[in-house]
Amino acid sequence: MAVAALAGLAGCAGGPAGPPTLTWFINPDDGGQAEIAQKCTAASGGKYQIAVSTLPRESSEQRQQLVRRLAANDTSIDIMSIDPPYIPEFSEAGFLAPVPADVGQRTTAGVANSAKEGASWDGKLVTVPFWANTQLLWYRKSMMAGTGLDMSKPVTWDQVIAAAQKKNKQVAAQGKRAESLTVWLNALVESGGGEIITNPSPGDPKGVQLGLDSPASTKAAEIMKATAPVAGSSFSTSGEDENATAFQDGDAMFSPIWPFIWGKVKSAVEDGTAPASTQSDYGWALYPRTDASKPSAPPYGGINLGVSAFSTNVDLSYQATECIVSTENQKQYFLTNGNPAAKISVFTDPEVVKEFPMAPVIAQSLQQAKPRPQTAYYSEVSESIQRLYHPPGGIDPNTVGPATADLIRAVLAKEKLL
């Protein structure tokens, strides 16, 4: 029996090992990334197979889980879907395998400006752009009469607020103490020609320089405060889902928000929870300007792909990554999951334009968009902003920026805790 057992083990050891399994840690979606994993496994011709592992829903929790595992040199992570604000931190920590030059050239060809910038750190491409997102200014067409606004031309935040006041309607902006508040502030500051961080100083947190005392920062705070009276009674606790509902129900005539609201209203019309005319009443335009003389810098979001420095299959992981971000996969992911592509050519595809008629405006917005402050200390910066800019209706525009800069400096110097 012992001899037979040994013979059996020897027979197993001599069998084919099969293709390596690459584990792709993904953010939750509607199944699109798992579908792409299956397609790329089949397309590899037996070189590899891709298994997906789903991260928590909140991006901050996704970061936390990945950081803990990568800090322990976890070799079970091959590919990661990373929220762009955390890319500098991952890069500085040595968690990302370098992007091969030829891979970088192929995967950034025809990609939106904001997506390339968001995938980079310290002047180098450190991740691969996958899908890119941006906010548009959504408006209800039926409410625009008498406002004096021509929505085919750029509008300012001041004009949007005045129009809502005139119509006694809401501007559904994200006033909740959450990441969306940092997103809003950054877009306002960048649109005004400023920057929240003027020197990221990755090697020395005490050397980080901030632009929160600039005229652009003061104007941004003025807009946030002025929005409060037209944002509804729940403004300080309103997030994206609440605002999408307020816009759909007609309480709000404007909402600066991500394109997911198009799929949301389409589903509501199909299941009968919204009148059939609601979707056709949705209009869209570029994000409002902070300064009438400067093009807006809309929010940039999305997901980029990083390959772990601790993967035992770095080369294969980059081959898989190229498959994942192919133009065809980006198009299908947009159509099936509603997440806009990083490649500009996707937005002129007839199938995409039929499903998302606002696709050309999304493409233009992505070309103008700006990432959130790129810093290895993003969590500290964002949490400081959320603490002192909330509630937006209660801030003092002249002092909130400098006070937040002081808090950020104190936190980075380990003199205060968040």
# chains A, B, ... in the order shown; residues from 1 in each chain; ligands from 1
>>> select_by_dssp(residues="region 99-162 of chain A", states="helix (DSSP H, G or I)", output="list in words")
Ala101, Asp102, Val103, Gly104, Gln105, Arg106, Thr107, Thr108, Asn113, Ser114, Ala115, Lys116, Glu117, Gly118, Lys141, Ser142, Met143, Trp157, Asp158, Gln159, Val160, Ile161 and Ala162 of chain A
>>> residues_around(residues="Ala132 (chain A)", least_positions_apart="3", cutoff="12 Å", atoms="only C-alpha atoms", output="PyMOL selection string")
chain A and resi 82-84+111-119+128-129+135+258-259+299-305+325+330-331+333-334+338-344+346-347+362-363+365-367+369-371
>>> write_last_selection(atoms="N, CA and C atoms", output="short mmCIF file (atom, residue, chain, number, x, y, z; two decimals), in the first residue's frame")
data_model
loop_
_atom_site.label_atom_id
_atom_site.label_comp_id
_atom_site.auth_asym_id
_atom_site.auth_seq_id
_atom_site.Cartn_x
_atom_site.Cartn_y
_atom_site.Cartn_z
N ILE A 82 -7.25 50.36 -8.89
CA ILE A 82 -6.91 51.36 -7.88
C ILE A 82 -7.61 52.68 -8.17
N ASP A 83 -8.22 53.25 -7.14
CA ASP A 83 -8.80 54.59 -7.22
C ASP A 83 -7.64 55.58 -7.39
N PRO A 84 -7.68 56.46 -8.40
CA PRO A 84 -6.53 57.31 -8.72
C PRO A 84 -5.90 58.11 -7.57
N VAL A 111 -5.61 58.02 -25.05
CA VAL A 111 -6.27 58.09 -23.75
C VAL A 111 -6.47 59.55 -23.35
N ALA A 112 -7.56 59.84 -22.65
CA ALA A 112 -7.88 61.20 -22.21
C ALA A 112 -6.76 61.78 -21.36
N ASN A 113 -6.59 63.10 -21.48
CA ASN A 113 -5.52 63.79 -20.74
C ASN A 113 -5.59 63.51 -19.25
N SER A 114 -6.78 63.62 -18.68
CA SER A 114 -6.92 63.46 -17.24
C SER A 114 -6.59 62.04 -16.81
N ALA A 115 -6.93 61.05 -17.64
CA ALA A 115 -6.66 59.66 -17.30
C ALA A 115 -5.16 59.37 -17.30
N LYS A 116 -4.43 59.95 -18.25
CA LYS A 116 -2.98 59.78 -18.27
C LYS A 116 -2.34 60.46 -17.06
N GLU A 117 -2.82 61.66 -16.74
CA GLU A 117 -2.28 62.38 -15.58
C GLU A 117 -2.58 61.63 -14.29
N GLY A 118 -3.79 61.10 -14.18
CA GLY A 118 -4.19 60.38 -12.97
C GLY A 118 -3.48 59.06 -12.80
N ALA A 119 -2.97 58.48 -13.90
CA ALA A 119 -2.27 57.20 -13.83
C ALA A 119 -0.78 57.37 -13.57
N VAL A 128 -1.84 51.69 -15.34
CA VAL A 128 -2.40 51.67 -16.69
C VAL A 128 -3.83 52.18 -16.64
N PRO A 129 -4.18 53.21 -17.44
CA PRO A 129 -5.56 53.71 -17.44
C PRO A 129 -6.54 52.65 -17.90
N GLN A 135 -17.59 64.49 -13.91
CA GLN A 135 -18.91 65.05 -13.61
C GLN A 135 -19.33 66.02 -14.71
N TRP A 258 -21.85 62.59 -11.50
CA TRP A 258 -21.30 61.61 -12.44
C TRP A 258 -22.40 61.08 -13.37
N PRO A 259 -22.02 60.52 -14.52
CA PRO A 259 -23.02 60.07 -15.50
C PRO A 259 -23.87 58.87 -15.08
N PRO A 299 -14.22 67.36 -12.17
CA PRO A 299 -13.64 66.25 -11.41
C PRO A 299 -13.26 65.09 -12.32
N TYR A 300 -12.18 64.42 -11.95
CA TYR A 300 -11.75 63.21 -12.65
C TYR A 300 -11.81 62.05 -11.67
N GLY A 301 -12.34 60.94 -12.13
CA GLY A 301 -12.37 59.73 -11.32
C GLY A 301 -12.16 58.53 -12.21
N GLY A 302 -12.52 57.37 -11.71
CA GLY A 302 -12.37 56.16 -12.49
C GLY A 302 -11.52 55.13 -11.79
N ILE A 303 -10.89 54.26 -12.57
CA ILE A 303 -10.04 53.21 -12.02
C ILE A 303 -8.85 52.99 -12.96
N ASN A 304 -7.67 52.86 -12.37
CA ASN A 304 -6.47 52.49 -13.12
C ASN A 304 -5.97 51.15 -12.60
N LEU A 305 -5.21 50.44 -13.40
CA LEU A 305 -4.72 49.12 -13.04
C LEU A 305 -3.25 49.18 -12.66
N VAL A 325 -7.57 46.39 -20.79
CA VAL A 325 -7.84 47.78 -21.16
C VAL A 325 -7.95 47.98 -22.66
N GLN A 330 -13.01 48.25 -23.10
CA GLN A 330 -13.46 49.52 -22.52
C GLN A 330 -14.84 49.89 -23.05
N LYS A 331 -15.06 49.66 -24.32
CA LYS A 331 -16.38 49.95 -24.92
C LYS A 331 -17.46 49.09 -24.26
N TYR A 333 -17.42 47.55 -21.43
CA TYR A 333 -17.58 47.88 -20.00
C TYR A 333 -18.44 49.13 -19.84
N PHE A 334 -18.26 50.10 -20.73
CA PHE A 334 -19.07 51.31 -20.72
C PHE A 334 -20.53 50.95 -20.99
N GLY A 338 -21.81 50.99 -17.48
CA GLY A 338 -22.00 52.44 -17.40
C GLY A 338 -20.78 53.22 -16.98
N ASN A 339 -19.60 52.58 -16.98
CA ASN A 339 -18.38 53.27 -16.59
C ASN A 339 -17.63 53.76 -17.83
N PRO A 340 -17.48 55.08 -18.00
CA PRO A 340 -16.90 55.62 -19.22
C PRO A 340 -15.47 55.15 -19.46
N ALA A 341 -15.11 55.08 -20.72
CA ALA A 341 -13.78 54.61 -21.11
C ALA A 341 -12.72 55.67 -20.88
N ALA A 342 -11.47 55.21 -20.81
CA ALA A 342 -10.34 56.14 -20.77
C ALA A 342 -9.94 56.54 -22.19
N LYS A 343 -10.21 55.68 -23.17
CA LYS A 343 -9.84 55.96 -24.56
C LYS A 343 -10.89 56.85 -25.22
N ILE A 344 -10.45 57.95 -25.80
CA ILE A 344 -11.36 58.93 -26.38
C ILE A 344 -12.14 58.37 -27.57
N VAL A 346 -13.64 55.68 -27.98
CA VAL A 346 -14.84 54.96 -27.58
C VAL A 346 -16.06 55.87 -27.60
N PHE A 347 -15.86 57.16 -27.34
CA PHE A 347 -16.98 58.08 -27.19
C PHE A 347 -17.61 58.47 -28.52
N ILE A 362 -18.94 64.02 -22.33
CA ILE A 362 -18.09 63.32 -21.36
C ILE A 362 -16.65 63.32 -21.84
N ALA A 363 -16.45 63.07 -23.14
CA ALA A 363 -15.09 63.06 -23.70
C ALA A 363 -14.42 64.42 -23.55
N SER A 365 -15.17 66.70 -21.38
CA SER A 365 -14.96 66.93 -19.95
C SER A 365 -13.71 66.20 -19.46
N LEU A 366 -13.51 64.97 -19.93
CA LEU A 366 -12.32 64.21 -19.52
C LEU A 366 -11.03 64.86 -20.00
N GLN A 367 -11.09 65.51 -21.14
CA GLN A 367 -9.89 66.20 -21.63
C GLN A 367 -9.57 67.42 -20.78
N ALA A 369 -10.63 67.70 -17.46
CA ALA A 369 -10.68 67.35 -16.04
C ALA A 369 -9.29 67.33 -15.40
N LYS A 370 -9.29 67.47 -14.08
CA LYS A 370 -8.05 67.43 -13.31
C LYS A 370 -8.18 66.45 -12.15
N PRO A 371 -7.14 65.67 -11.89
CA PRO A 371 -7.17 64.76 -10.74
C PRO A 371 -7.25 65.52 -9.43
#
>>> select_by_dssp(residues="region 58-300 of chain A", states="strand (DSSP E or B)", output="ChimeraX atom specification")
/A:79-82,96,111,120-121,124-125,128-134,136-140,156,170-171,197-199,209-210,252-257,282-285,289,299-300
>>> write_last_selection(atoms="N, CA and C atoms", output="compact mmCIF listing (two decimals), in the first residue's frame")
# COMPACT_ATOMS: atom_id res chain seq x y z
N ILE A 79 -2.83 41.90 -9.98
CA ILE A 79 -3.34 43.11 -10.61
C ILE A 79 -4.33 43.76 -9.65
N MET A 80 -4.33 45.09 -9.63
CA MET A 80 -5.21 45.82 -8.72
C MET A 80 -5.97 46.91 -9.46
N SER A 81 -7.26 47.02 -9.21
CA SER A 81 -8.04 48.18 -9.64
C SER A 81 -7.90 49.24 -8.54
N ILE A 82 -7.25 50.36 -8.89
CA ILE A 82 -6.91 51.36 -7.88
C ILE A 82 -7.61 52.68 -8.17
N LEU A 96 4.19 49.11 -6.51
CA LEU A 96 3.84 48.94 -7.92
C LEU A 96 5.05 48.50 -8.74
N VAL A 111 -5.61 58.02 -25.05
CA VAL A 111 -6.27 58.09 -23.75
C VAL A 111 -6.47 59.55 -23.35
N SER A 120 -0.35 58.62 -13.46
CA SER A 120 1.07 58.92 -13.34
C SER A 120 1.41 59.51 -11.98
N TRP A 121 2.68 59.46 -11.66
CA TRP A 121 3.17 60.08 -10.43
C TRP A 121 4.63 60.46 -10.62
N LYS A 124 6.09 60.08 -14.13
CA LYS A 124 6.18 58.75 -14.75
C LYS A 124 4.84 58.04 -14.69
N LEU A 125 4.57 57.26 -15.75
CA LEU A 125 3.38 56.41 -15.75
C LEU A 125 3.65 55.23 -14.81
N VAL A 128 -1.84 51.69 -15.34
CA VAL A 128 -2.40 51.67 -16.69
C VAL A 128 -3.83 52.18 -16.64
N PRO A 129 -4.18 53.21 -17.44
CA PRO A 129 -5.56 53.71 -17.44
C PRO A 129 -6.54 52.65 -17.90
N PHE A 130 -7.63 52.49 -17.14
CA PHE A 130 -8.66 51.49 -17.46
C PHE A 130 -9.96 52.19 -17.86
N TRP A 131 -10.65 52.78 -16.88
CA TRP A 131 -11.81 53.59 -17.22
C TRP A 131 -11.72 54.91 -16.49
N ALA A 132 -12.34 55.93 -17.07
CA ALA A 132 -12.22 57.28 -16.54
C ALA A 132 -13.61 57.87 -16.36
N ASN A 133 -13.77 58.68 -15.35
CA ASN A 133 -15.08 59.25 -15.06
C ASN A 133 -14.95 60.74 -14.84
N THR A 134 -16.04 61.43 -15.00
CA THR A 134 -16.04 62.88 -14.80
C THR A 134 -17.46 63.32 -14.48
N LEU A 136 -20.59 65.95 -15.07
CA LEU A 136 -21.21 66.93 -15.95
C LEU A 136 -22.15 67.80 -15.13
N LEU A 137 -22.59 68.90 -15.71
CA LEU A 137 -23.67 69.68 -15.10
C LEU A 137 -24.96 69.20 -15.74
N TRP A 138 -25.77 68.49 -14.98
CA TRP A 138 -27.06 67.99 -15.46
C TRP A 138 -28.13 69.03 -15.13
N TYR A 139 -29.07 69.21 -16.05
CA TYR A 139 -30.15 70.19 -15.82
C TYR A 139 -31.45 69.65 -16.39
N ARG A 140 -32.56 70.15 -15.85
CA ARG A 140 -33.88 69.77 -16.34
C ARG A 140 -34.29 70.79 -17.40
N THR A 156 -21.38 79.69 -15.40
CA THR A 156 -20.61 79.76 -14.16
C THR A 156 -21.45 79.24 -13.00
N GLN A 170 -33.67 73.53 -6.52
CA GLN A 170 -32.41 73.17 -5.87
C GLN A 170 -31.26 72.97 -6.86
N VAL A 171 -30.05 73.14 -6.34
CA VAL A 171 -28.82 72.69 -6.99
C VAL A 171 -28.35 71.49 -6.18
N ILE A 197 -2.61 71.56 -3.58
CA ILE A 197 -1.22 71.28 -3.23
C ILE A 197 -0.33 71.87 -4.33
N THR A 198 0.57 72.74 -3.95
CA THR A 198 1.46 73.37 -4.93
C THR A 198 2.82 72.69 -4.99
N ASN A 199 3.20 71.96 -3.94
CA ASN A 199 4.44 71.17 -3.93
C ASN A 199 4.18 69.92 -3.10
N GLN A 209 3.62 71.90 0.33
CA GLN A 209 3.16 73.29 0.24
C GLN A 209 1.74 73.33 -0.31
N LEU A 210 0.94 74.21 0.25
CA LEU A 210 -0.50 74.23 -0.04
C LEU A 210 -0.93 75.56 -0.63
N ALA A 252 -34.69 69.27 -7.78
CA ALA A 252 -33.49 70.00 -8.21
C ALA A 252 -33.56 70.23 -9.71
N MET A 253 -33.14 71.42 -10.14
CA MET A 253 -33.08 71.69 -11.58
C MET A 253 -31.67 71.54 -12.11
N PHE A 254 -30.68 71.51 -11.21
CA PHE A 254 -29.29 71.28 -11.59
C PHE A 254 -28.67 70.24 -10.67
N SER A 255 -27.71 69.49 -11.21
CA SER A 255 -26.89 68.63 -10.37
C SER A 255 -25.54 68.40 -11.04
N PRO A 256 -24.45 68.80 -10.36
CA PRO A 256 -23.12 68.47 -10.86
C PRO A 256 -22.77 67.06 -10.35
N ILE A 257 -22.83 66.07 -11.22
CA ILE A 257 -22.75 64.69 -10.76
C ILE A 257 -22.23 63.80 -11.88
N TYR A 282 -33.88 65.30 -19.25
CA TYR A 282 -32.51 65.46 -18.76
C TYR A 282 -31.66 66.15 -19.82
N GLY A 283 -30.98 67.20 -19.41
CA GLY A 283 -30.00 67.85 -20.26
C GLY A 283 -28.63 67.80 -19.60
N TRP A 284 -27.58 68.03 -20.36
CA TRP A 284 -26.22 67.94 -19.82
C TRP A 284 -25.33 68.99 -20.47
N ALA A 285 -24.36 69.43 -19.71
CA ALA A 285 -23.42 70.45 -20.20
C ALA A 285 -22.10 70.24 -19.45
N ARG A 289 -18.13 76.83 -14.61
CA ARG A 289 -16.87 77.54 -14.39
C ARG A 289 -16.86 78.22 -13.02
N PRO A 299 -14.22 67.36 -12.17
CA PRO A 299 -13.64 66.25 -11.41
C PRO A 299 -13.26 65.09 -12.32
N TYR A 300 -12.18 64.42 -11.95
CA TYR A 300 -11.75 63.21 -12.65
C TYR A 300 -11.81 62.05 -11.67
>>> closest_residue(among="A:Leu181, A:Ala172, A:Met143, A:Leu418", to="Arg372 (chain A)", atoms="only C-alpha atoms")
A:Leu181
>>> atom_distance(atom1="CA of Glu322 (chain A)", atom2="CA of Pro202 (chain A)")
29.0 Å
>>> atom_distance(atom1="CA of Pro19 (chain A)", atom2="CA of Thr54 (chain A)")
21.9 Å
>>> atom_distance(atom1="CA of Ser267 (chain A)", atom2="CA of Ser59 (chain A)")
25.2 Å
>>> closest_residue(among="A:Val230, A:Ala164, A:Ile87, A:Ala37", to="Gly146 (chain A)", atoms="only C-alpha atoms")
A:Ala164
>>> residues_around(residues="Ala413 (chain A)", least_positions_apart="3", cutoff="8 Å", atoms="only C-alpha atoms", output="list in words")
Pro205, Lys206, Arg409, Ala410 and Lys416 of chain A
>>> residues_around(residues="Ser293 (chain A)", least_positions_apart="3", cutoff="12 Å", atoms="only C-alpha atoms", output="ChimeraX atom specification")
/A:154-156,191-193,288-290,296
>>> write_last_selection(atoms="N, CA and C atoms", output="PDB file, in the first residue's frame")
ATOM      1  N   PRO A 154     -20.766  77.878 -22.124  1.00  0.00           N
ATOM      2  CA  PRO A 154     -20.296  77.724 -20.744  1.00  0.00           C
ATOM      3  C   PRO A 154     -21.098  78.584 -19.771  1.00  0.00           C
ATOM      4  N   VAL A 155     -21.369  78.026 -18.599  1.00  0.00           N
ATOM      5  CA  VAL A 155     -22.046  78.773 -17.537  1.00  0.00           C
ATOM      6  C   VAL A 155     -21.163  78.733 -16.291  1.00  0.00           C
ATOM      7  N   THR A 156     -21.378  79.693 -15.402  1.00  0.00           N
ATOM      8  CA  THR A 156     -20.610  79.756 -14.159  1.00  0.00           C
ATOM      9  C   THR A 156     -21.448  79.235 -13.001  1.00  0.00           C
ATOM     10  N   SER A 191     -10.632  74.862 -11.260  1.00  0.00           N
ATOM     11  CA  SER A 191     -11.335  75.645 -12.271  1.00  0.00           C
ATOM     12  C   SER A 191     -11.017  77.127 -12.155  1.00  0.00           C
ATOM     13  N   GLY A 192     -10.660  77.566 -10.961  1.00  0.00           N
ATOM     14  CA  GLY A 192     -10.303  78.961 -10.759  1.00  0.00           C
ATOM     15  C   GLY A 192      -8.838  79.251 -11.003  1.00  0.00           C
ATOM     16  N   GLY A 193      -8.103  78.255 -11.455  1.00  0.00           N
ATOM     17  CA  GLY A 193      -6.684  78.454 -11.753  1.00  0.00           C
ATOM     18  C   GLY A 193      -5.759  78.182 -10.587  1.00  0.00           C
ATOM     19  N   PRO A 288     -19.704  73.589 -14.465  1.00  0.00           N
ATOM     20  CA  PRO A 288     -19.714  75.054 -14.401  1.00  0.00           C
ATOM     21  C   PRO A 288     -18.323  75.635 -14.141  1.00  0.00           C
ATOM     22  N   ARG A 289     -18.131  76.830 -14.605  1.00  0.00           N
ATOM     23  CA  ARG A 289     -16.870  77.540 -14.393  1.00  0.00           C
ATOM     24  C   ARG A 289     -16.861  78.225 -13.024  1.00  0.00           C
ATOM     25  N   THR A 290     -15.704  78.254 -12.405  1.00  0.00           N
ATOM     26  CA  THR A 290     -15.503  79.066 -11.205  1.00  0.00           C
ATOM     27  C   THR A 290     -15.285  80.513 -11.603  1.00  0.00           C
ATOM     28  N   SER A 296     -13.595  75.343 -17.218  1.00  0.00           N
ATOM     29  CA  SER A 296     -13.710  74.576 -15.976  1.00  0.00           C
ATOM     30  C   SER A 296     -12.757  73.382 -15.994  1.00  0.00           C
TER      31      SER A 296
END
>>> closest_residue(among="A:Thr375, A:Ala72, A:Asn168, A:Asn243", to="Ser201 (chain A)", atoms="only C-alpha atoms")
A:Thr375
>>> residues_around(residues="Gly194 (chain A)", least_positions_apart="3", cutoff="12 Å", atoms="only C-alpha atoms", output="NGL selection string")
:A and (185-191 or 197-198 or 210-220 or 290-291 or 294 or 296-297 or 370 or 373)
>>> decode(residues="region 75-90 of chain A", atoms="N, CA, C and O atoms", output="PDB file, in the first residue's frame")
ATOM      1  N   THR A  75       2.177  38.005  -1.964  1.00  0.00           N
ATOM      2  CA  THR A  75       2.383  37.596  -3.356  1.00  0.00           C
ATOM      3  C   THR A  75       1.095  37.132  -4.035  1.00  0.00           C
ATOM      4  O   THR A  75       1.120  36.791  -5.224  1.00  0.00           O
ATOM      5  N   SER A  76      -0.016  37.112  -3.303  1.00  0.00           N
ATOM      6  CA  SER A  76      -1.272  36.644  -3.903  1.00  0.00           C
ATOM      7  C   SER A  76      -1.944  37.725  -4.743  1.00  0.00           C
ATOM      8  O   SER A  76      -2.926  37.454  -5.432  1.00  0.00           O
ATOM      9  N   ILE A  77      -1.451  38.952  -4.692  1.00  0.00           N
ATOM     10  CA  ILE A  77      -2.011  40.052  -5.480  1.00  0.00           C
ATOM     11  C   ILE A  77      -1.178  40.199  -6.752  1.00  0.00           C
ATOM     12  O   ILE A  77       0.036  40.398  -6.687  1.00  0.00           O
ATOM     13  N   ASP A  78      -1.836  40.138  -7.903  1.00  0.00           N
ATOM     14  CA  ASP A  78      -1.130  40.359  -9.166  1.00  0.00           C
ATOM     15  C   ASP A  78      -1.527  41.689  -9.801  1.00  0.00           C
ATOM     16  O   ASP A  78      -0.678  42.510 -10.124  1.00  0.00           O
ATOM     17  N   ILE A  79      -2.826  41.898  -9.975  1.00  0.00           N
ATOM     18  CA  ILE A  79      -3.342  43.112 -10.612  1.00  0.00           C
ATOM     19  C   ILE A  79      -4.330  43.760  -9.654  1.00  0.00           C
ATOM     20  O   ILE A  79      -5.065  43.066  -8.952  1.00  0.00           O
ATOM     21  N   MET A  80      -4.328  45.089  -9.630  1.00  0.00           N
ATOM     22  CA  MET A  80      -5.214  45.821  -8.716  1.00  0.00           C
ATOM     23  C   MET A  80      -5.971  46.910  -9.457  1.00  0.00           C
ATOM     24  O   MET A  80      -5.384  47.643 -10.256  1.00  0.00           O
ATOM     25  N   SER A  81      -7.258  47.023  -9.207  1.00  0.00           N
ATOM     26  CA  SER A  81      -8.042  48.179  -9.642  1.00  0.00           C
ATOM     27  C   SER A  81      -7.903  49.241  -8.543  1.00  0.00           C
ATOM     28  O   SER A  81      -8.373  49.035  -7.422  1.00  0.00           O
ATOM     29  N   ILE A  82      -7.254  50.357  -8.889  1.00  0.00           N
ATOM     30  CA  ILE A  82      -6.905  51.360  -7.878  1.00  0.00           C
ATOM     31  C   ILE A  82      -7.613  52.678  -8.166  1.00  0.00           C
ATOM     32  O   ILE A  82      -7.586  53.185  -9.296  1.00  0.00           O
ATOM     33  N   ASP A  83      -8.222  53.254  -7.136  1.00  0.00           N
ATOM     34  CA  ASP A  83      -8.797  54.591  -7.221  1.00  0.00           C
ATOM     35  C   ASP A  83      -7.637  55.585  -7.390  1.00  0.00           C
ATOM     36  O   ASP A  83      -6.678  55.558  -6.614  1.00  0.00           O
ATOM     37  N   PRO A  84      -7.678  56.463  -8.401  1.00  0.00           N
ATOM     38  CA  PRO A  84      -6.526  57.306  -8.725  1.00  0.00           C
ATOM     39  C   PRO A  84      -5.901  58.107  -7.574  1.00  0.00           C
ATOM     40  O   PRO A  84      -4.672  58.240  -7.548  1.00  0.00           O
ATOM     41  N   PRO A  85      -6.668  58.645  -6.604  1.00  0.00           N
ATOM     42  CA  PRO A  85      -6.005  59.440  -5.562  1.00  0.00           C
ATOM     43  C   PRO A  85      -4.958  58.688  -4.754  1.00  0.00           C
ATOM     44  O   PRO A  85      -4.079  59.307  -4.144  1.00  0.00           O
ATOM     45  N   TYR A  86      -5.042  57.358  -4.728  1.00  0.00           N
ATOM     46  CA  TYR A  86      -4.117  56.581  -3.905  1.00  0.00           C
ATOM     47  C   TYR A  86      -2.890  56.091  -4.672  1.00  0.00           C
ATOM     48  O   TYR A  86      -2.001  55.468  -4.091  1.00  0.00           O
ATOM     49  N   ILE A  87      -2.836  56.385  -5.957  1.00  0.00           N
ATOM     50  CA  ILE A  87      -1.715  55.902  -6.772  1.00  0.00           C
ATOM     51  C   ILE A  87      -0.374  56.468  -6.317  1.00  0.00           C
ATOM     52  O   ILE A  87       0.612  55.722  -6.226  1.00  0.00           O
ATOM     53  N   PRO A  88      -0.250  57.770  -6.008  1.00  0.00           N
ATOM     54  CA  PRO A  88       1.049  58.264  -5.528  1.00  0.00           C
ATOM     55  C   PRO A  88       1.534  57.545  -4.269  1.00  0.00           C
ATOM     56  O   PRO A  88       2.725  57.225  -4.156  1.00  0.00           O
ATOM     57  N   GLU A  89       0.626  57.281  -3.338  1.00  0.00           N
ATOM     58  CA  GLU A  89       0.995  56.579  -2.114  1.00  0.00           C
ATOM     59  C   GLU A  89       1.524  55.184  -2.425  1.00  0.00           C
ATOM     60  O   GLU A  89       2.564  54.765  -1.899  1.00  0.00           O
ATOM     61  N   PHE A  90       0.830  54.449  -3.285  1.00  0.00           N
ATOM     62  CA  PHE A  90       1.259  53.100  -3.650  1.00  0.00           C
ATOM     63  C   PHE A  90       2.621  53.133  -4.338  1.00  0.00           C
ATOM     64  O   PHE A  90       3.472  52.273  -4.099  1.00  0.00           O
TER      65      PHE A  90
END
